[in-house]
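Visitor: Take this structure first; my questions come after.
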Amino acid sequence: MVEIRWHGRGGQGAWTASNIVAMAASYEGKYVQSFPAFGPERSGAPMLSFTRISDEPIEIHSMVYNPDIVIVLDYTLLSPGIVQGLKKNGVVISNYVGTPESFLEKLHIKKGDYRAIITPASKLALEILKVNITNTAMIGGLLKLGNIVSWSSVEKAIRERFKGPVADKNLELIKRAYESAVEV
């Protein structure tokens with residue numbers, strides 16, 4: 001089973017991204033879960049979303065405490081708490097523009113503690129969507145791992161979730177985020 005914890009802010013679409021990844025995995029015959037964790041907070045407040053993908057039925061019905069992958073939609077959330085519970089050999093995928101050293105410093109980790117991938121999601125979202133909604137861009141970072149879901153399944157899920165030009169722009173954003181993603 002692969003467990004993903006998404007860190008975002010209310011209104012950024014972390015749960016939507018989680019759902020899209022779960023839909024894509026379900027098209028590949030996987031068992032999935034996707035759910036958020038937030039209270040009565042206002043838009044912009046930190047929130048979590050979770051995705052589980054498995055070849056077997058999923059019997060766990062709790063938040064993800066020890067993820068394989070942590071995805072950060074908003075770089076202002078970067079702190080040592082982001083990697084809390086992350087499994088050994090886990091992956092951090094983040095929206096980030098800056099040096100690899102400054103990224104690692106924000107998390108208080110050193111190169112090699114975890115696998116880390118950064119992509120300039122905010123910059124790309126503003127350029128392509130004209131708004132700073134980074135959720136689908138972060139799917140591009142996830143695709144960089146190469147073994148979670150396929151591009152064709154993500155494309156199918158995007159076209160089911162969004163229609164026409166909105167789907168096209170989100171697919172362009174995912175592709176550009178994937179191409180811009182680098183391992184640090």
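Labeling convention for the structure tokens: chains A, B, ... as they appear, residues from 1 per chain, ligands from 1 in order of appearance.
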Excluding A:Ile158 and any residue of its chain fewer than 4 positions from it, enumerate the residues within 12 Å of it, using only C-alpha atoms, and give them as a short mmCIF file (atom, residue, chain, number, x, y, z; two decimals) with C-alpha atoms, in the first residue's frame.

Guide:
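Output file around.cif follows:
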```cif
data_model
loop_
_atom_site.label_atom_id
_atom_site.label_comp_id
_atom_site.auth_asym_id
_atom_site.auth_seq_id
_atom_site.Cartn_x
_atom_site.Cartn_y
_atom_site.Cartn_z
CA THR A 16 -9.29 17.58 -5.20
CA ALA A 17 -5.73 16.51 -6.07
CA SER A 18 -6.02 13.57 -3.68
CA ASN A 19 -9.28 12.55 -5.38
CA ILE A 20 -7.80 12.86 -8.87
CA VAL A 21 -4.86 10.61 -7.92
CA ALA A 22 -7.25 8.11 -6.31
CA MET A 23 -9.47 8.13 -9.42
CA ALA A 24 -6.43 7.57 -11.64
CA ASN A 135 -3.07 21.14 -6.73
CA THR A 136 -2.84 19.71 -10.22
CA ALA A 137 0.74 20.94 -10.62
CA ILE A 139 0.34 15.76 -9.44
CA TRP A 151 -0.06 9.68 -17.18
CA SER A 152 -2.96 8.16 -19.16
CA SER A 153 -4.92 7.43 -15.97
CA VAL A 154 -4.29 10.95 -14.65
CA PHE A 162 -12.82 19.14 -15.37
CA LYS A 163 -14.29 19.89 -18.77
CA GLY A 164 -13.02 21.46 -22.00
CA PRO A 165 -10.42 24.22 -21.74
CA VAL A 166 -10.17 23.87 -17.93
CA ALA A 167 -9.14 20.23 -18.33
CA ASP A 168 -6.68 21.18 -21.09
CA LYS A 169 -5.05 23.87 -18.97
CA ASN A 170 -4.76 21.57 -15.96
CA LEU A 171 -3.17 18.87 -18.11
CA GLU A 172 -0.71 21.45 -19.46
CA LEU A 173 0.07 22.47 -15.88
CA ILE A 174 0.67 18.87 -14.80
#
```

Visitor: Nearest to A:Gln12: which of A:Gly44, A:Pro80, A:Gly141, A:Gly29 is it, counting only C-alpha atoms?

Guide: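 Under the stated criterion, the closest residue is A:Gly44.
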
Visitor: With a distance cut-off of 12 Å and only C-alpha atoms, select the neighbouring residues of A:Ser102, excluding the residue or stretch itself and same-chain residues fewer than 4 positions from it, and output the selection as number ranges by chain.

Guide: A: 75, 78-79, 96-98, 106-111, 118, 184

Visitor: Output N, CA, C and O atoms for every residue in the selection just made, as a PDB file, in the first residue's frame.

Guide:
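part-v5.pdb written:
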```
ATOM      1  N   TYR A  75       4.367  26.349  -0.279  1.00  0.00           N
ATOM      2  CA  TYR A  75       5.717  26.364   0.300  1.00  0.00           C
ATOM      3  C   TYR A  75       5.791  27.101   1.634  1.00  0.00           C
ATOM      4  O   TYR A  75       6.705  26.874   2.407  1.00  0.00           O
ATOM      5  N   LEU A  78       6.196  24.831   4.677  1.00  0.00           N
ATOM      6  CA  LEU A  78       7.410  24.042   4.893  1.00  0.00           C
ATOM      7  C   LEU A  78       7.989  24.296   6.277  1.00  0.00           C
ATOM      8  O   LEU A  78       8.277  25.434   6.639  1.00  0.00           O
ATOM      9  N   SER A  79       8.138  23.216   7.038  1.00  0.00           N
ATOM     10  CA  SER A  79       8.703  23.267   8.383  1.00  0.00           C
ATOM     11  C   SER A  79       9.096  21.842   8.749  1.00  0.00           C
ATOM     12  O   SER A  79       8.707  20.891   8.058  1.00  0.00           O
ATOM     13  N   TYR A  96       8.092  24.599  -4.731  1.00  0.00           N
ATOM     14  CA  TYR A  96       9.212  25.373  -4.172  1.00  0.00           C
ATOM     15  C   TYR A  96      10.066  25.962  -5.282  1.00  0.00           C
ATOM     16  O   TYR A  96      10.347  25.305  -6.284  1.00  0.00           O
ATOM     17  N   VAL A  97      10.467  27.202  -5.074  1.00  0.00           N
ATOM     18  CA  VAL A  97      11.446  27.860  -5.929  1.00  0.00           C
ATOM     19  C   VAL A  97      12.542  28.338  -4.990  1.00  0.00           C
ATOM     20  O   VAL A  97      12.287  29.102  -4.073  1.00  0.00           O
ATOM     21  N   GLY A  98      13.708  27.870  -5.193  1.00  0.00           N
ATOM     22  CA  GLY A  98      14.834  28.235  -4.338  1.00  0.00           C
ATOM     23  C   GLY A  98      15.905  27.182  -4.479  1.00  0.00           C
ATOM     24  O   GLY A  98      15.775  26.238  -5.264  1.00  0.00           O
ATOM     25  N   LYS A 106      14.756  24.349   5.440  1.00  0.00           N
ATOM     26  CA  LYS A 106      13.401  24.630   5.949  1.00  0.00           C
ATOM     27  C   LYS A 106      12.795  23.408   6.646  1.00  0.00           C
ATOM     28  O   LYS A 106      12.012  23.540   7.568  1.00  0.00           O
ATOM     29  N   LEU A 107      13.143  22.215   6.159  1.00  0.00           N
ATOM     30  CA  LEU A 107      12.617  20.983   6.742  1.00  0.00           C
ATOM     31  C   LEU A 107      13.504  20.445   7.863  1.00  0.00           C
ATOM     32  O   LEU A 107      13.144  19.454   8.512  1.00  0.00           O
ATOM     33  N   HIS A 108      14.660  21.079   8.052  1.00  0.00           N
ATOM     34  CA  HIS A 108      15.663  20.614   9.031  1.00  0.00           C
ATOM     35  C   HIS A 108      16.106  19.182   8.735  1.00  0.00           C
ATOM     36  O   HIS A 108      16.217  18.364   9.648  1.00  0.00           O
ATOM     37  N   ILE A 109      16.314  18.897   7.452  1.00  0.00           N
ATOM     38  CA  ILE A 109      16.817  17.586   7.049  1.00  0.00           C
ATOM     39  C   ILE A 109      18.072  17.801   6.213  1.00  0.00           C
ATOM     40  O   ILE A 109      18.353  18.913   5.754  1.00  0.00           O
ATOM     41  N   LYS A 110      18.812  16.725   6.016  1.00  0.00           N
ATOM     42  CA  LYS A 110      19.974  16.818   5.141  1.00  0.00           C
ATOM     43  C   LYS A 110      19.764  15.915   3.923  1.00  0.00           C
ATOM     44  O   LYS A 110      18.940  14.991   3.963  1.00  0.00           O
ATOM     45  N   LYS A 111      20.518  16.199   2.874  1.00  0.00           N
ATOM     46  CA  LYS A 111      20.416  15.415   1.644  1.00  0.00           C
ATOM     47  C   LYS A 111      20.606  13.941   1.994  1.00  0.00           C
ATOM     48  O   LYS A 111      21.521  13.578   2.696  1.00  0.00           O
ATOM     49  N   ILE A 118      11.295  18.938  -5.943  1.00  0.00           N
ATOM     50  CA  ILE A 118      10.660  20.256  -5.930  1.00  0.00           C
ATOM     51  C   ILE A 118      10.256  20.637  -7.350  1.00  0.00           C
ATOM     52  O   ILE A 118      10.889  20.245  -8.324  1.00  0.00           O
ATOM     53  N   VAL A 184      16.233  16.860  -5.305  1.00  0.00           N
ATOM     54  CA  VAL A 184      17.284  17.586  -4.555  1.00  0.00           C
ATOM     55  C   VAL A 184      17.946  16.678  -3.549  1.00  0.00           C
ATOM     56  O   VAL A 184      17.431  15.658  -3.180  1.00  0.00           O
TER      57      VAL A 184
END
```

Visitor: Would you please work out which residue, of A:Gly85, A:Gly11, A:Glu3, A:Pro36, is nearest to A:Ile60 when using only C-alpha atoms?

Guide: A:Glu3

Visitor: Skipping near chain neighbours, those fewer than 2 positions away, what residues fall within 12 Å of A:Ser49 using only C-alpha atoms, listed as a ChimeraX atom specification?

Guide: /A:3-10,12-19,21-22,33-38,46-47,51-52,62-65,67,70-73,135

Visitor: Taking the chain letters and numbering used in this document, name the residues of stretch 21-144 of chain A that DSSP puts in alpha helix (DSSP H), as a ChimeraX atom specification.

Guide: /A:21-27,100-107,121-128,135-143

Visitor: Write out as a list of chain:residue names which residues come within 8 Å of A:Gly140 when counting only C-alpha atoms, dropping same-chain ones fewer than 2 positions away.

Guide: A:Thr136, A:Ala137, A:Met138, A:Leu142, A:Leu143, A:Lys144, A:Leu173, A:Ile174, A:Lys175, A:Arg176, A:Ala177, A:Tyr178, A:Glu179, A:Ala181

Visitor: Just how far from atom CA of A:Ile69 is atom CA of A:Gln84, in Å to one decimal?

Guide: 11.3 Å
